[in-house]
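Next comes target_16.txt, with compact mmCIF, C-alpha atoms and all ligand atoms.
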```
# COMPACT_ATOMS: atom_id res chain seq x y z
CA MET A 1 0.00 0.00 0.00
CA ASN A 2 2.45 2.72 -1.04
CA GLY A 3 1.73 5.61 -3.40
CA LYS A 4 4.20 4.45 -6.01
CA THR A 5 2.32 1.21 -6.52
CA ASP A 6 -1.08 2.89 -6.59
CA LEU A 7 0.29 5.43 -9.03
CA GLU A 8 1.86 2.77 -11.20
CA THR A 9 -1.39 0.82 -11.22
CA LEU A 10 -3.28 3.93 -12.28
CA ILE A 11 -0.78 4.67 -15.05
CA GLU A 12 -1.02 1.09 -16.30
CA MET A 13 -4.81 1.35 -16.40
CA MET A 14 -4.68 4.62 -18.30
CA ALA A 15 -2.07 3.24 -20.71
CA LYS A 16 -4.53 0.53 -21.76
CA LEU A 17 -7.03 3.07 -23.08
CA PRO A 18 -7.19 3.36 -26.87
CA GLY A 19 -5.12 6.35 -28.00
CA LEU A 20 -2.92 6.38 -24.90
CA GLY A 21 0.41 4.63 -24.38
CA PRO A 22 2.66 4.42 -21.33
CA ARG A 23 4.17 7.86 -21.91
CA SER A 24 0.93 9.73 -22.52
CA ALA A 25 -0.64 7.84 -19.60
CA ARG A 26 2.13 9.13 -17.30
CA ARG A 27 1.59 12.66 -18.61
CA ALA A 28 -2.16 12.41 -18.15
CA VAL A 29 -1.86 11.07 -14.59
CA LEU A 30 0.63 13.79 -13.59
CA HIS A 31 -1.69 16.38 -15.10
CA LEU A 32 -4.60 14.97 -13.08
CA ILE A 33 -2.58 14.92 -9.86
CA LYS A 34 -1.53 18.53 -10.35
CA LYS A 35 -5.19 19.50 -10.67
CA ARG A 36 -6.55 17.09 -8.12
CA ALA A 37 -9.59 19.06 -6.95
CA LEU A 38 -10.36 20.48 -10.38
CA LEU A 39 -9.76 17.41 -12.56
CA LEU A 40 -8.81 14.18 -10.79
CA MET A 41 -11.58 13.84 -8.22
CA PRO A 42 -14.34 15.09 -10.59
CA LEU A 43 -13.14 12.60 -13.22
CA ALA A 44 -13.18 9.75 -10.68
CA ASP A 45 -16.70 10.74 -9.60
CA GLN A 46 -17.92 11.10 -13.18
CA LEU A 47 -16.53 7.69 -14.13
CA THR A 48 -18.29 6.16 -11.13
CA ARG A 49 -21.54 7.92 -12.03
CA VAL A 50 -21.41 6.79 -15.66
CA GLY A 51 -20.40 3.29 -14.62
CA GLN A 52 -23.37 3.07 -12.28
CA THR A 53 -26.03 4.60 -14.52
CA VAL A 54 -25.18 3.92 -18.15
CA ARG A 55 -26.66 0.87 -19.83
CA GLU A 56 -27.23 -0.57 -23.28
CA CYS A 57 -30.57 0.13 -24.97
CA LEU A 58 -32.39 -3.21 -25.18
CA ASN A 59 -33.86 -2.22 -28.54
CA CYS A 60 -31.04 -0.69 -30.57
CA GLY A 61 -27.80 -1.20 -28.64
CA ASN A 62 -27.20 2.54 -28.13
CA ILE A 63 -26.04 3.79 -24.74
CA GLY A 64 -28.47 5.40 -22.33
CA THR A 65 -29.66 5.32 -18.75
CA ALA A 66 -32.90 3.34 -19.16
CA SER A 67 -33.89 0.08 -20.82
CA LEU A 68 -34.71 2.15 -23.91
CA CYS A 69 -32.41 4.94 -25.13
CA ALA A 70 -33.63 8.48 -25.81
CA ILE A 71 -33.83 7.86 -29.57
CA CYS A 72 -35.90 4.67 -29.21
CA GLU A 73 -38.10 6.45 -26.65
CA SER A 74 -38.81 9.39 -28.96
CA ASP A 75 -41.85 9.05 -31.25
CA LYS A 76 -40.37 11.77 -33.46
CA ARG A 77 -37.61 9.38 -34.50
CA ALA A 78 -40.10 6.70 -35.63
CA ASN A 79 -40.15 7.89 -39.27
CA GLY A 80 -39.72 4.41 -40.71
CA GLU A 81 -36.00 4.83 -41.42
CA LEU A 82 -33.67 2.49 -39.59
CA CYS A 83 -29.95 3.20 -39.82
CA VAL A 84 -27.71 0.20 -39.15
CA VAL A 85 -24.25 1.00 -37.73
CA GLU A 86 -21.44 -1.16 -36.45
CA ASP A 87 -20.74 0.69 -33.23
CA VAL A 88 -22.08 3.32 -30.84
CA ALA A 89 -19.22 5.60 -31.98
CA ASP A 90 -20.71 5.49 -35.49
CA LEU A 91 -24.17 6.31 -34.15
CA TRP A 92 -22.63 9.32 -32.41
CA ALA A 93 -20.91 10.35 -35.65
CA MET A 94 -24.27 10.21 -37.48
CA GLU A 95 -25.94 12.23 -34.72
CA ARG A 96 -23.19 14.87 -34.78
CA ALA A 97 -23.82 15.27 -38.51
CA SER A 98 -27.51 16.00 -37.69
CA VAL A 99 -28.67 14.68 -41.06
CA PHE A 100 -30.59 11.57 -40.04
CA LYS A 101 -33.97 11.79 -38.33
CA GLY A 102 -34.85 8.11 -37.96
CA ARG A 103 -33.75 5.41 -35.54
CA TYR A 104 -30.62 3.30 -35.29
CA HIS A 105 -29.61 -0.28 -34.90
CA VAL A 106 -26.15 -0.91 -33.47
CA LEU A 107 -24.75 -4.26 -34.59
CA GLY A 108 -21.92 -4.31 -32.08
CA GLY A 109 -19.28 -4.96 -34.73
CA ALA A 110 -19.05 -6.44 -38.22
CA LEU A 111 -19.01 -9.97 -39.57
CA SER A 112 -15.45 -11.26 -39.65
CA ALA A 113 -14.22 -14.63 -40.83
CA LEU A 114 -10.82 -13.86 -39.34
CA ASP A 115 -12.17 -13.05 -35.87
CA ALA A 116 -14.91 -15.71 -36.12
CA VAL A 117 -17.70 -13.14 -35.76
CA GLY A 118 -20.89 -14.62 -37.20
CA PRO A 119 -24.42 -13.14 -37.37
CA GLU A 120 -25.21 -14.59 -33.92
CA GLU A 121 -22.36 -12.60 -32.36
CA LEU A 122 -23.87 -9.39 -33.74
CA ARG A 123 -27.31 -7.86 -33.11
CA ILE A 124 -28.55 -9.15 -36.50
CA PRO A 125 -31.39 -11.40 -35.25
CA LYS A 126 -32.69 -8.44 -33.22
CA LEU A 127 -32.50 -6.30 -36.39
CA LEU A 128 -34.78 -8.74 -38.21
CA ASP A 129 -37.18 -8.74 -35.23
CA ARG A 130 -37.33 -4.95 -35.25
CA ILE A 131 -38.10 -4.73 -38.95
CA ALA A 132 -41.07 -6.99 -38.34
CA ALA A 133 -42.19 -5.35 -35.10
CA GLU A 134 -41.58 -1.65 -35.81
CA ASN A 135 -43.04 0.13 -38.82
CA VAL A 136 -39.75 0.19 -40.75
CA SER A 137 -39.93 1.25 -44.41
CA GLU A 138 -36.23 1.56 -45.20
CA VAL A 139 -33.08 0.08 -43.78
CA ILE A 140 -30.04 2.31 -44.33
CA LEU A 141 -26.76 0.47 -44.00
CA ALA A 142 -24.17 2.91 -42.62
CA LEU A 143 -21.36 0.42 -42.18
CA ASN A 144 -17.66 1.10 -42.45
CA ALA A 145 -16.16 0.98 -45.96
CA THR A 146 -13.90 -1.87 -44.87
CA VAL A 147 -13.97 -5.46 -46.10
CA ASP A 148 -15.77 -6.61 -42.94
CA GLY A 149 -18.21 -3.70 -43.04
CA GLN A 150 -19.12 -4.37 -46.67
CA THR A 151 -19.39 -8.14 -46.09
CA THR A 152 -21.82 -7.36 -43.29
CA ALA A 153 -23.79 -4.97 -45.52
CA HIS A 154 -24.15 -7.62 -48.21
CA TYR A 155 -25.18 -10.25 -45.67
CA ILE A 156 -27.91 -8.02 -44.23
CA ALA A 157 -29.07 -6.95 -47.70
CA GLU A 158 -29.42 -10.62 -48.63
CA GLN A 159 -31.45 -11.37 -45.51
CA LEU A 160 -33.83 -8.52 -46.28
CA GLU A 161 -34.06 -9.01 -50.06
CA GLY A 162 -37.62 -8.56 -51.32
CA ARG A 163 -38.91 -7.73 -47.84
CA ILE A 164 -37.96 -4.08 -47.50
CA ALA A 165 -36.03 -1.24 -49.14
CA VAL A 166 -32.36 -1.51 -48.24
CA THR A 167 -29.99 1.35 -49.02
CA SER A 168 -26.43 2.10 -48.12
CA LEU A 169 -24.50 5.32 -47.67
CA ALA A 170 -23.29 6.65 -51.01
CA GLN A 171 -19.69 6.53 -52.08
CA GLY A 172 -18.12 9.49 -50.43
CA VAL A 173 -17.11 7.29 -47.56
CA PRO A 174 -13.43 6.83 -48.46
CA VAL A 175 -12.44 3.27 -49.33
CA GLY A 176 -10.90 1.65 -46.27
CA GLY A 177 -12.12 4.52 -44.11
CA GLU A 178 -14.10 4.34 -40.90
CA LEU A 179 -17.29 6.25 -40.32
CA ASP A 180 -16.23 7.74 -37.02
CA TYR A 181 -13.35 9.58 -38.74
CA LEU A 182 -15.51 11.48 -41.23
CA ASP A 183 -16.46 15.13 -41.09
CA ASP A 184 -20.15 16.03 -40.85
CA GLY A 185 -20.34 17.28 -44.45
CA THR A 186 -19.10 13.99 -45.89
CA ILE A 187 -21.55 12.02 -43.77
CA GLY A 188 -24.36 14.35 -44.86
CA ALA A 189 -23.50 14.01 -48.56
CA ALA A 190 -23.18 10.24 -48.31
CA LEU A 191 -26.56 9.93 -46.61
CA LYS A 192 -28.26 12.18 -49.17
CA ALA A 193 -26.84 10.19 -52.12
CA ARG A 194 -27.65 6.80 -50.60
CA LYS A 195 -28.60 4.17 -53.17
CA ALA A 196 -30.49 0.89 -53.29
CA VAL A 197 -28.31 -2.14 -52.60
CA MET B 1 -29.87 13.87 -14.94
CA ASN B 2 -29.86 11.85 -18.15
CA GLY B 3 -27.13 9.49 -19.38
CA LYS B 4 -26.32 11.57 -22.42
CA THR B 5 -25.33 14.55 -20.32
CA ASP B 6 -23.29 12.49 -17.84
CA LEU B 7 -21.59 10.76 -20.75
CA GLU B 8 -20.90 14.05 -22.52
CA THR B 9 -19.46 15.49 -19.32
CA LEU B 10 -17.20 12.46 -18.94
CA ILE B 11 -16.03 12.71 -22.56
CA GLU B 12 -15.29 16.41 -22.14
CA MET B 13 -13.22 15.68 -19.03
CA MET B 14 -11.27 12.95 -20.80
CA ALA B 15 -10.75 15.18 -23.87
CA LYS B 16 -8.94 17.71 -21.67
CA LEU B 17 -6.21 15.23 -20.77
CA PRO B 18 -2.88 15.79 -22.52
CA GLY B 19 -2.60 13.42 -25.47
CA LEU B 20 -6.35 12.96 -25.86
CA GLY B 21 -8.72 14.99 -28.03
CA PRO B 22 -12.50 14.80 -28.43
CA ARG B 23 -12.35 11.81 -30.77
CA SER B 24 -9.92 9.73 -28.74
CA ALA B 25 -11.84 10.66 -25.58
CA ARG B 26 -15.05 9.28 -27.12
CA ARG B 27 -13.21 6.10 -28.11
CA ALA B 28 -11.70 5.74 -24.65
CA VAL B 29 -15.05 6.26 -22.90
CA LEU B 30 -16.84 3.75 -25.15
CA HIS B 31 -14.04 1.28 -24.49
CA LEU B 32 -14.43 1.80 -20.74
CA ILE B 33 -18.21 1.40 -20.90
CA LYS B 34 -17.88 -1.84 -22.85
CA LYS B 35 -15.60 -3.20 -20.13
CA ARG B 36 -17.36 -1.63 -17.20
CA ALA B 37 -16.52 -4.19 -14.51
CA LEU B 38 -13.05 -4.89 -15.83
CA LEU B 39 -11.89 -1.36 -16.67
CA LEU B 40 -14.28 1.48 -15.89
CA MET B 41 -15.08 0.86 -12.24
CA PRO B 42 -11.49 -0.16 -11.32
CA LEU B 43 -10.20 3.01 -13.03
CA ALA B 44 -12.69 5.16 -11.12
CA ASP B 45 -11.67 3.51 -7.84
CA GLN B 46 -7.97 3.83 -8.60
CA LEU B 47 -8.33 7.52 -9.46
CA THR B 48 -10.16 8.07 -6.18
CA ARG B 49 -7.49 6.15 -4.26
CA VAL B 50 -4.64 8.10 -5.84
CA GLY B 51 -6.51 11.38 -5.41
CA GLN B 52 -6.99 10.67 -1.71
CA THR B 53 -3.51 9.39 -0.90
CA VAL B 54 -0.98 11.00 -3.20
CA ARG B 55 0.76 14.18 -2.08
CA GLU B 56 3.73 16.31 -2.96
CA CYS B 57 6.98 15.67 -1.09
CA LEU B 58 7.61 18.73 1.08
CA ASN B 59 11.33 18.41 0.49
CA CYS B 60 11.82 17.74 -3.22
CA GLY B 61 8.44 18.13 -4.93
CA ASN B 62 8.27 14.47 -6.00
CA ILE B 63 5.01 12.59 -5.62
CA GLY B 64 4.46 10.18 -2.74
CA THR B 65 2.04 9.28 0.00
CA ALA B 66 3.76 10.91 2.97
CA SER B 67 5.20 14.34 3.74
CA LEU B 68 8.54 12.98 2.49
CA CYS B 69 8.79 10.86 -0.65
CA ALA B 70 10.52 7.46 -0.71
CA ILE B 71 13.70 8.95 -2.22
CA CYS B 72 14.00 11.70 0.40
CA GLU B 73 13.23 9.13 3.12
CA SER B 74 15.99 6.76 1.96
CA ASP B 75 19.44 7.30 3.52
CA LYS B 76 20.93 5.38 0.61
CA ARG B 77 20.04 8.24 -1.72
CA ALA B 78 21.88 10.82 0.43
CA ASN B 79 25.14 10.55 -1.54
CA GLY B 80 25.62 14.30 -1.84
CA GLU B 81 24.35 14.48 -5.42
CA LEU B 82 21.25 16.55 -6.03
CA CYS B 83 19.63 16.32 -9.44
CA VAL B 84 17.46 19.30 -10.37
CA VAL B 85 14.60 18.58 -12.80
CA GLU B 86 11.74 20.67 -14.11
CA ASP B 87 8.96 18.20 -13.54
CA VAL B 88 8.02 14.93 -11.82
CA ALA B 89 7.85 13.32 -15.29
CA ASP B 90 11.57 14.12 -15.69
CA LEU B 91 12.34 12.60 -12.28
CA TRP B 92 10.52 9.45 -13.41
CA ALA B 93 12.53 9.43 -16.66
CA MET B 94 15.79 9.63 -14.65
CA GLU B 95 14.61 6.84 -12.34
CA ARG B 96 13.65 4.62 -15.28
CA ALA B 97 17.18 5.06 -16.64
CA SER B 98 18.50 3.74 -13.27
CA VAL B 99 21.73 5.71 -13.61
CA PHE B 100 21.41 8.24 -10.81
CA LYS B 101 21.74 7.25 -7.17
CA GLY B 102 21.31 10.61 -5.43
CA ARG B 103 18.32 12.76 -4.63
CA TYR B 104 16.17 15.08 -6.72
CA HIS B 105 14.78 18.54 -6.61
CA VAL B 106 11.69 19.18 -8.74
CA LEU B 107 11.42 22.85 -9.74
CA GLY B 108 7.83 22.61 -10.91
CA GLY B 109 8.61 24.15 -14.29
CA ALA B 110 11.18 26.44 -15.87
CA LEU B 111 11.77 30.18 -15.79
CA SER B 112 9.81 31.82 -18.58
CA ALA B 113 9.66 35.50 -19.46
CA LEU B 114 6.76 34.77 -21.79
CA ASP B 115 4.66 33.02 -19.15
CA ALA B 116 5.89 35.35 -16.38
CA VAL B 117 7.41 32.48 -14.39
CA GLY B 118 10.05 33.90 -12.04
CA PRO B 119 12.25 32.13 -9.45
CA GLU B 120 9.53 32.60 -6.79
CA GLU B 121 7.03 30.63 -8.89
CA LEU B 122 9.46 27.69 -8.97
CA ARG B 123 10.94 25.68 -6.08
CA ILE B 124 14.24 27.61 -6.38
CA PRO B 125 14.31 29.16 -2.87
CA LYS B 126 13.73 25.68 -1.43
CA LEU B 127 16.62 24.38 -3.57
CA LEU B 128 18.97 26.94 -1.99
CA ASP B 129 17.70 25.95 1.48
CA ARG B 130 18.35 22.28 0.78
CA ILE B 131 21.91 22.87 -0.40
CA ALA B 132 22.59 24.59 2.91
CA ALA B 133 20.70 22.10 5.07
CA GLU B 134 21.55 18.78 3.41
CA ASN B 135 25.06 17.60 2.82
CA VAL B 136 25.03 18.39 -0.91
CA SER B 137 28.37 18.22 -2.75
CA GLU B 138 27.16 18.52 -6.34
CA VAL B 139 24.11 19.95 -8.03
CA ILE B 140 23.34 18.26 -11.35
CA LEU B 141 21.10 20.31 -13.58
CA ALA B 142 18.96 17.93 -15.64
CA LEU B 143 16.75 20.52 -17.28
CA ASN B 144 15.17 20.32 -20.70
CA ALA B 145 17.35 21.44 -23.64
CA THR B 146 14.82 24.17 -24.42
CA VAL B 147 15.35 27.94 -24.20
CA ASP B 148 13.45 28.10 -20.90
CA GLY B 149 15.24 25.06 -19.49
CA GLN B 150 18.67 26.46 -20.32
CA THR B 151 17.73 29.93 -19.01
CA THR B 152 16.76 28.24 -15.76
CA ALA B 153 20.01 26.26 -15.67
CA HIS B 154 22.06 29.43 -16.09
CA TYR B 155 20.07 31.24 -13.43
CA ILE B 156 20.59 28.44 -10.90
CA ALA B 157 24.29 28.12 -11.82
CA GLU B 158 24.69 31.84 -11.16
CA GLN B 159 22.98 31.60 -7.78
CA LEU B 160 25.30 28.78 -6.74
CA GLU B 161 28.53 30.11 -8.27
CA GLY B 162 31.50 29.60 -5.95
CA ARG B 163 29.36 27.83 -3.35
CA ILE B 164 29.13 24.33 -4.76
CA ALA B 165 29.95 22.18 -7.81
CA VAL B 166 27.27 22.63 -10.44
CA THR B 167 27.13 20.33 -13.45
CA SER B 168 24.65 19.77 -16.20
CA LEU B 169 23.76 16.76 -18.31
CA ALA B 170 26.17 16.41 -21.23
CA GLN B 171 25.24 17.14 -24.79
CA GLY B 172 23.49 14.06 -25.92
CA VAL B 173 20.19 15.60 -24.96
CA PRO B 174 18.97 16.61 -28.43
CA VAL B 175 18.63 20.37 -28.93
CA GLY B 176 15.02 21.36 -28.41
CA GLY B 177 14.28 17.96 -26.95
CA GLU B 178 12.56 17.16 -23.68
CA LEU B 179 14.01 14.83 -21.09
CA ASP B 180 10.91 12.71 -20.71
CA TYR B 181 11.16 11.66 -24.38
CA LEU B 182 14.67 10.22 -24.16
CA ASP B 183 15.64 6.59 -24.07
CA ASP B 184 17.50 5.25 -21.02
CA GLY B 185 20.81 4.93 -22.88
CA THR B 186 20.85 8.57 -23.92
CA ILE B 187 20.04 9.69 -20.38
CA GLY B 188 22.76 7.43 -19.02
CA ALA B 189 25.38 8.73 -21.46
CA ALA B 190 24.44 12.34 -20.80
CA LEU B 191 24.69 11.86 -17.04
CA LYS B 192 28.07 10.14 -17.32
CA ALA B 193 29.50 12.93 -19.51
CA ARG B 194 28.11 15.72 -17.37
CA LYS B 195 30.33 18.80 -17.25
CA ALA B 196 30.89 21.80 -15.00
CA VAL B 197 28.72 24.80 -15.87
ZN ZN C 1 -32.29 2.55 -28.50
ZN ZN C 2 11.21 13.96 -1.84
```
Would you kindly transcribe this structure into structure tokens?
Amino acid sequence: MNGKTDLETLIEMMAKLPGLGPRSARRAVLHLIKKRALLLMPLADQLTRVGQTVRECLNCGNIGTASLCAICESDKRANGELCVVEDVADLWAMERASVFKGRYHVLGGALSALDAVGPEELRIPKLLDRIAAENVSEVILALNATVDGQTTAHYIAEQLEGRIAVTSLAQGVPVGGELDYLDDGTIGAALKARKAV
Amino acid sequence: MNGKTDLETLIEMMAKLPGLGPRSARRAVLHLIKKRALLLMPLADQLTRVGQTVRECLNCGNIGTASLCAICESDKRANGELCVVEDVADLWAMERASVFKGRYHVLGGALSALDAVGPEELRIPKLLDRIAAENVSEVILALNATVDGQTTAHYIAEQLEGRIAVTSLAQGVPVGGELDYLDDGTIGAALKARKAV
């Protein structure tokens, strides 16, 4: 129980976060310690609060504080358009672009032969349920322009063939690029120019 | 009190950390939420623990859990050599290199005309006290090879002129470089080749 060990443990934890390595974790921890009352303790409290309250939406996989997220709760978002994304980060990217007024379905990843991710590992069965249960008129596939993302798009399009209109974001998403990296304008243009699969 | 706002607050806090921006903060927070039990809650607890226990060493400015840090507490480190660094990160870099067996003095920054940092803003008066009070035979200036770092080195060397041996890390520290970026070998070589100021 000495400070060095606690500190080292904290730095190791921070270093595991995506985007941080050992060096930036040390910098971040020193920065927090220097501003203990202003930054460190509020961050600890906020992490605890989020950890205790945040949960996955049972319907779409988005993050919220109730069994249904704010978007699934809102009748205004029930316009018949269902946007399928791989990850919550992609949902956030779509929302930041403020160009989509419908609801989302978060798959929780993409199909991957390499990582042995099949349809059962993703929220694909739930997607099919929703299309039947909710009044969905169009499924918009907003998946990453990666091999796995496009494999997933084709798989879903096949499942839905003849049942419902399926579109995907227009080219404009750079080949090999990930949705969460795009600027709002590119996302807006790609959504507007979406085409039937 | 909805999850979106708590989440947004958390992301904003994370985005303020050095090395993280809004995008990497979002990624990090989503990563933490996905591994709530394994990562998020332990990180929150560890931050709280460090925030409650860690304090600044009253003698040298290092970080520890008591009024004196482990290095100031240890008689083995009282070899008469006092290594002056700008920041705790630099002290850690020296310790990682495992080449210095004496004690440290953390200034808490460097003199800067631009940022109006004078000797009183740094731990320079305390440095002079320590040289008188402790049995210091050599002051080793391990300051960054930046304009401010070298200005600070010259200022301290002037204060101590004729009173005690003052050395600085040898060239080997790249011009414009910062100590915390260096590999152990470079730090070791620079310490070995240290020269009188
Ligand atoms: Zn939802
Ligand atoms: Zn100390």
6 Å from ligand ZN 2 (chain C) is the threshold here; counting all atoms listed in the file, which polymer residues fall inside it? Answer as a VMD selection string. chain B and resid 57 59 to 62 68 to 69 71 to 72
Throw together the list of residues within 12 Å of ligand ZN 1 (chain C), counting all atoms listed in the file, and drop it here as a tab-separated table (two decimals) with C-alpha atoms, in the coordinates of the input.
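The result, stored in selection-v6.tsv:
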```
chain	number	residue	atom	x	y	z
A	55	ARG	CA	-26.66	0.87	-19.83
A	56	GLU	CA	-27.23	-0.57	-23.28
A	57	CYS	CA	-30.57	0.13	-24.97
A	58	LEU	CA	-32.39	-3.21	-25.18
A	59	ASN	CA	-33.86	-2.22	-28.54
A	60	CYS	CA	-31.04	-0.69	-30.57
A	61	GLY	CA	-27.80	-1.20	-28.64
A	62	ASN	CA	-27.20	2.54	-28.13
A	63	ILE	CA	-26.04	3.79	-24.74
A	64	GLY	CA	-28.47	5.40	-22.33
A	65	THR	CA	-29.66	5.32	-18.75
A	66	ALA	CA	-32.90	3.34	-19.16
A	67	SER	CA	-33.89	0.08	-20.82
A	68	LEU	CA	-34.71	2.15	-23.91
A	69	CYS	CA	-32.41	4.94	-25.13
A	70	ALA	CA	-33.63	8.48	-25.81
A	71	ILE	CA	-33.83	7.86	-29.57
A	72	CYS	CA	-35.90	4.67	-29.21
A	73	GLU	CA	-38.10	6.45	-26.65
A	74	SER	CA	-38.81	9.39	-28.96
A	75	ASP	CA	-41.85	9.05	-31.25
A	77	ARG	CA	-37.61	9.38	-34.50
A	78	ALA	CA	-40.10	6.70	-35.63
A	82	LEU	CA	-33.67	2.49	-39.59
A	83	CYS	CA	-29.95	3.20	-39.82
A	84	VAL	CA	-27.71	0.20	-39.15
A	88	VAL	CA	-22.08	3.32	-30.84
A	91	LEU	CA	-24.17	6.31	-34.15
A	102	GLY	CA	-34.85	8.11	-37.96
A	103	ARG	CA	-33.75	5.41	-35.54
A	104	TYR	CA	-30.62	3.30	-35.29
A	105	HIS	CA	-29.61	-0.28	-34.90
A	106	VAL	CA	-26.15	-0.91	-33.47
A	107	LEU	CA	-24.75	-4.26	-34.59
A	126	LYS	CA	-32.69	-8.44	-33.22
A	127	LEU	CA	-32.50	-6.30	-36.39
A	130	ARG	CA	-37.33	-4.95	-35.25
```
In the coordinates of the file, take the point (27.8, 15.2, -17.4) and a cut-off of 9 Å; then, counting all atoms listed in the file, name each qualifying protein, DNA or RNA residue as a VMD selection string. chain B and resid 140 167 to 171 189 to 196
Got time to write the residues from that selection, C-alpha atoms, as a compact mmCIF listing (two decimals), in the coordinates of the input?
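And here is the file that came out, result_16.txt:
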```
# COMPACT_ATOMS: atom_id res chain seq x y z
CA ILE B 140 23.34 18.26 -11.35
CA THR B 167 27.13 20.33 -13.45
CA SER B 168 24.65 19.77 -16.20
CA LEU B 169 23.76 16.76 -18.31
CA ALA B 170 26.17 16.41 -21.23
CA GLN B 171 25.24 17.14 -24.79
CA ALA B 189 25.38 8.73 -21.46
CA ALA B 190 24.44 12.34 -20.80
CA LEU B 191 24.69 11.86 -17.04
CA LYS B 192 28.07 10.14 -17.32
CA ALA B 193 29.50 12.93 -19.51
CA ARG B 194 28.11 15.72 -17.37
CA LYS B 195 30.33 18.80 -17.25
CA ALA B 196 30.89 21.80 -15.00
```
Give me, as a list in words, all polymer residues having an atom no more than 10 Å from Glu178 (chain B), counting only C-alpha atoms and skipping those fewer than 6 positions away in the same chain.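 Using only C-alpha atoms, the neighbours found are Asp90, Leu143, Asn144, Ala145, Thr146 and Gly149 of chain B.
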Counting all atoms listed in the file, which residues from chain A have an atom at most 6 Å from any atom of chain B, and could you show them as a list of chain:residue names?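 Here is what falls inside 6 Å: A:Gly3, A:Leu10, A:Leu17, A:Pro18, A:Gly19, A:Ser24, A:Ala28, A:Ala44, A:Gln46, A:Leu47, A:Thr48, A:Gly64, A:Thr65.
Reported to one decimal place, the separation of CA of Thr186 (chain B) from CA of Glu95 (chain B) is 13.3 Å.
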So how many Å separate CA of Val147 (chain B) and CA of Phe100 (chain B), to one decimal?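 Separation of CA of Val147 (chain B) and CA of Phe100 (chain B): 24.6 Å.
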Length of the CA of Pro119 (chain B) to CA of Glu138 (chain B) vector [Å]: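 Straight-line distance from CA of Pro119 (chain B) to CA of Glu138 (chain B) works out to 20.4 Å.
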Could you add the missing atoms to region 6-10 of chain B, up to all heavy atoms, and return them as a PDB file, keeping the file's coordinate frame?
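What landed in selection-v3.pdb:
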```
ATOM      1  N   ASP B   6     -24.386  13.044 -18.648  1.00  0.00           N
ATOM      2  CA  ASP B   6     -23.290  12.490 -17.840  1.00  0.00           C
ATOM      3  C   ASP B   6     -22.180  11.966 -18.737  1.00  0.00           C
ATOM      4  O   ASP B   6     -20.997  12.183 -18.476  1.00  0.00           O
ATOM      5  CB  ASP B   6     -23.810  11.336 -16.965  1.00  0.00           C
ATOM      6  CG  ASP B   6     -24.351  11.845 -15.641  1.00  0.00           C
ATOM      7  OD1 ASP B   6     -24.070  13.011 -15.306  1.00  0.00           O
ATOM      8  OD2 ASP B   6     -25.045  11.087 -14.961  1.00  0.00           O
ATOM      9  N   LEU B   7     -22.568  11.290 -19.798  1.00  0.00           N
ATOM     10  CA  LEU B   7     -21.590  10.760 -20.750  1.00  0.00           C
ATOM     11  C   LEU B   7     -20.819  11.898 -21.405  1.00  0.00           C
ATOM     12  O   LEU B   7     -19.596  11.850 -21.514  1.00  0.00           O
ATOM     13  CB  LEU B   7     -22.321   9.992 -21.847  1.00  0.00           C
ATOM     14  CG  LEU B   7     -22.271   8.489 -21.837  1.00  0.00           C
ATOM     15  CD1 LEU B   7     -22.911   7.955 -23.093  1.00  0.00           C
ATOM     16  CD2 LEU B   7     -20.833   7.999 -21.731  1.00  0.00           C
ATOM     17  N   GLU B   8     -21.541  12.908 -21.854  1.00  0.00           N
ATOM     18  CA  GLU B   8     -20.900  14.050 -22.520  1.00  0.00           C
ATOM     19  C   GLU B   8     -19.920  14.734 -21.573  1.00  0.00           C
ATOM     20  O   GLU B   8     -18.822  15.115 -21.979  1.00  0.00           O
ATOM     21  CB  GLU B   8     -21.950  15.038 -23.006  1.00  0.00           C
ATOM     22  CG  GLU B   8     -22.652  14.577 -24.276  1.00  0.00           C
ATOM     23  CD  GLU B   8     -23.845  15.441 -24.639  1.00  0.00           C
ATOM     24  OE1 GLU B   8     -24.249  16.285 -23.798  1.00  0.00           O
ATOM     25  OE2 GLU B   8     -24.375  15.270 -25.735  1.00  0.00           O
ATOM     26  N   THR B   9     -20.339  14.876 -20.314  1.00  0.00           N
ATOM     27  CA  THR B   9     -19.460  15.490 -19.320  1.00  0.00           C
ATOM     28  C   THR B   9     -18.186  14.654 -19.168  1.00  0.00           C
ATOM     29  O   THR B   9     -17.074  15.194 -19.149  1.00  0.00           O
ATOM     30  CB  THR B   9     -20.180  15.570 -17.962  1.00  0.00           C
ATOM     31  OG1 THR B   9     -21.408  16.251 -18.154  1.00  0.00           O
ATOM     32  CG2 THR B   9     -19.343  16.311 -16.936  1.00  0.00           C
ATOM     33  N   LEU B  10     -18.350  13.346 -19.091  1.00  0.00           N
ATOM     34  CA  LEU B  10     -17.200  12.460 -18.940  1.00  0.00           C
ATOM     35  C   LEU B  10     -16.259  12.580 -20.147  1.00  0.00           C
ATOM     36  O   LEU B  10     -15.032  12.673 -20.000  1.00  0.00           O
ATOM     37  CB  LEU B  10     -17.666  11.011 -18.764  1.00  0.00           C
ATOM     38  CG  LEU B  10     -16.563   9.959 -18.647  1.00  0.00           C
ATOM     39  CD1 LEU B  10     -15.651  10.258 -17.465  1.00  0.00           C
ATOM     40  CD2 LEU B  10     -17.170   8.568 -18.518  1.00  0.00           C
TER      41      LEU B  10
END
```
